[in-house]
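**Q** A single structure is presented below for examination.
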Amino acid sequence: MKLIIAIIQSDKLDEVMGQLDEKEIYLKTVSNVLGCGRQKGVTEVYRGVKEAGTLLKKVRLEIGVNDSYVQPTVDAIIKGARTGNIGDGKIFILPLEECIRIRSGETGKVAIG
Amino acid sequence: MPKIDSGDTAWVLASTALVLLMTAPGLAMFYGGLVRRKNVLSTMMQSFFILCLISIQWILWGYSIGFGPDVGHLFGNLSWFGLNHVGLTANADYAPTIPHQLYVLFQMMFAVITPALITGAFAERIKFSTFVVFSLVWATLVYDPIAHWVWGKDGWLHNLGALDFAGGTVVHMSSGFSALVLALVMGRRKGYPRITPPPHNVTYTLIGAALLWFGWFGFNAGSAVQANELAVSAFINTNTATAAAAIGWVILDWIFAGKPTILGAATGAVAGLVAITPASGFVSPISSIWIGLIVAVVCYIFVVVIKQRLKYDDSLDTFGVHGVGGTIGALTTGLFAQKIINSGGADGLLFGNPHQFLVNAIGAGATIVYSVVMTLIIALILNATMGLRVKEQDEAIGLDNTQHKESAYTLID
């Protein structure tokens with residue numbers, strides 16, 4: 001089992017979700033996050049005062065999958081989120097020790113789907 | 001010699017302030033809530049900045065083109081530029097009991113809200129610089145002449161006898177049909193109609209609608225330009241039609257969407273306000289209920305069914321509510337008008353005078369044709385020179401950051 005964490009552009013969420021749906025990957029957690037990559041954020045100006053390095057608003061996806069679903073998930077995220085421009089985001093893949101469905105107490109491969 | 005009346009002056013002063021409230025914060029909040037979080041500031045700024053822009057334009061040349069000495073029944077000449085010859089004594093042609101400059105101010109707030117209504121059509125994708133130029137040019141070449149036709153001394157629709165109490169054709173039809181043209185020239189927002197961007201804060205929209213309703217008492221009842229029976233008649237009709245239209249829309253939502261929605265109540269109320277605008281000083285309260293119900297049904301069909309079939313991106317439904325609602329208002333005024341309500345008006349079709357319906361239809365038709373043609377020319381020229389739309393990437397990031405370098409909400413602190 002793996003935990004896939006993807007940081008993507010906020011406006012790409014709809015497309016990524018569409019791509020995931022096509023691969024029948026429906027379970028996910030989405031949150032608003034702030035962050036910056038190599039471009040070091042954006043500038044904002046308030047009453048003439050420049051605030052450089054303001055962190056960018058991004059969206060973070062967390063998806064727990066069985067090993068056979070890792071590649072399809074990654075492919076779907078890349079297909080939905082890639083523009084080719086700076087700021088497209090990153091995908092992290094982590095080993096996942098255990099997964100428990102709270103309702104039934106099921107664990108492992110059964111619980112994750 | 002006309003005599004200034006203190007009661008009339010007090011009422012029109014208050015009405016002027018009420019109509020200002022319609023643009024900012026009323027319309028700014030109504031539209032601001034409907035866009036995504038990344039565009040709320042730019043959307044509110046559009047209404048607020050038009051308030052500033054047209055306030056100056058109106059003093060310099062707008063009022064003169066709209067209400068100055070007539071040229072060929074089409075527009076006023078520039079002899080009242082900078083309010084030259086426009087003083088504090090009353091002008092018997094427009095408002096015999098209040099200072100002429102107060103009439104200028106009252107009309108200014110109408111000139112302000114009209115281009116602000118259009119901003120709903122190009123929301124979330126227009127360049128701020130082009131928006132400023134468009135608003136100034138549109139106000140000068142489209143709004144000011146149409147205001148002259150309907151309200152100016154010797155304007156051709158005024159002479160023809162078209163009934164438009166508070167500006168259904170001048171304000172709502174002109175802005176609504178121009179909005180449709182802009183939505184078509186600019187094209188859809190990225191991703192639309194596959195994804196319809198959801199409103200980011202419906203509470204803003206409901207507060208905005210309520211402020212519009214409140215301010216509209218100045219718009220309609222103030223249009224009596226006197227504190228008299230006619231103002232009360234316009235006031236009661238405004239409230240009645242608005243309530244009826246909101247109830248109508250909520251019921252339609254309940255039947256076709258399964259639940260009574262807040263956004264439906266807000267949208268229905270605004271449609272009712274739009275439709276009663278031209279009729280408010282000419283009809284009975286019972287007719288107002290009919291006008292409210294009719295406009296709710298017709299606008300609902302346009303906004304919910306036709307727009308989604310044809311897939312044009314009139315983003316915040318300026319055309320669907322103001323263009324369509326304004327047309328319903330102009331036509332129903334020709335149906336329901338009664339001379340017993342306003343001796344200065346006329347009877348409509350339902351009260352034995354089909355001619356009035358025809359005259360009002362001509363007024364509506366002329367407004368549509370002129371608004372569409374002129375807006376198309378202005379939009380195409382600006383698109384070829386300055387460009388109407390922001391770059392695709394800027395649209396994705398949002399206009400607040402790319403046009404103004406600000407953001408409305410922080411995520412942390």
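The way I read the labels, and the way they are meant: chains A, B, ... in the order of the structure tokens, residue 1 as the first residue of every chain, and ligand 1 as the first ligand shown, with later ones counted on from there.
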Using only C-alpha atoms, which residues of chain A come within 9 Å of chain B, and what is the closest atom pair for each, with the distance in Å to one decimal? Give it as CSV, sorted by chain and residue number.

**A**
```
residue,atom,partner,partner_atom,distance
A:Gln9,CA,B:Ile397,CA,8.7
A:Ser10,CA,B:Ile397,CA,8.4
A:Asp11,CA,B:Ala396,CA,6.1
A:Lys12,CA,B:Ala396,CA,8.7
A:Asp14,CA,B:Ile195,CA,7.8
A:Asn32,CA,B:Leu411,CA,7.9
A:Val33,CA,B:Leu411,CA,7.5
A:Leu34,CA,B:Leu411,CA,7.4
A:Val42,CA,B:Asn401,CA,8.7
A:Thr43,CA,B:Lys405,CA,6.8
A:Glu44,CA,B:Lys405,CA,4.7
A:Val45,CA,B:Lys405,CA,5.8
A:Tyr46,CA,B:Glu406,CA,7.2
A:Lys57,CA,B:Leu411,CA,8.0
```

**Q** Which residues are near range 69-74 of chain A? Cut-off 8 Å, only C-alpha atoms, ignore same chain within fewer than 3 positions. Put them as a PyMOL selection string.

**A** chain A and resi 2+4+20+23+25+65-66+77-78+91

**Q** Could you state the separation of CA of Val324 in chain B and CA of Leu182 in chain B in Å, given to one decimal place?

**A**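 Here the two named atoms are 15.7 Å from each other.
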
**Q** For His148 in chain B, which residue among B:Ala116, B:Met45, B:Leu160, B:Ile65 is the nearest when counting only C-alpha atoms?

**A** B:Ile65

**Q** Using DSSP secondary structure from the backbone, list all alpha helix (DSSP H) positions within range 45-79 of chain A, as number ranges by chain.

**A** A: 70-79

**Q** How would the residues just picked look written out with C-alpha atoms as a PDB file, in the first residue's frame?

**A**
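The resulting file, selection33.pdb, is reproduced below:
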```pdb
ATOM      1  CA  VAL A  70       0.075   3.626  -7.890  1.00  0.00           C
ATOM      2  CA  GLN A  71       0.976   4.097 -11.545  1.00  0.00           C
ATOM      3  CA  PRO A  72      -2.580   4.801 -12.786  1.00  0.00           C
ATOM      4  CA  THR A  73      -3.024   7.364  -9.996  1.00  0.00           C
ATOM      5  CA  VAL A  74       0.236   9.121 -10.791  1.00  0.00           C
ATOM      6  CA  ASP A  75      -0.573   9.120 -14.513  1.00  0.00           C
ATOM      7  CA  ALA A  76      -4.008  10.623 -13.884  1.00  0.00           C
ATOM      8  CA  ILE A  77      -2.628  13.376 -11.662  1.00  0.00           C
ATOM      9  CA  ILE A  78       0.057  14.295 -14.174  1.00  0.00           C
ATOM     10  CA  LYS A  79      -2.405  14.265 -17.064  1.00  0.00           C
TER      11      LYS A  79
END
```

**Q** Which residues come within 8 Å of Ala111 in chain B, counting only C-alpha atoms, excluding same-chain residues fewer than 3 positions away, as a ChimeraX atom specification?

**A** /B:54,58,107-108,114-115,139,143-144,171
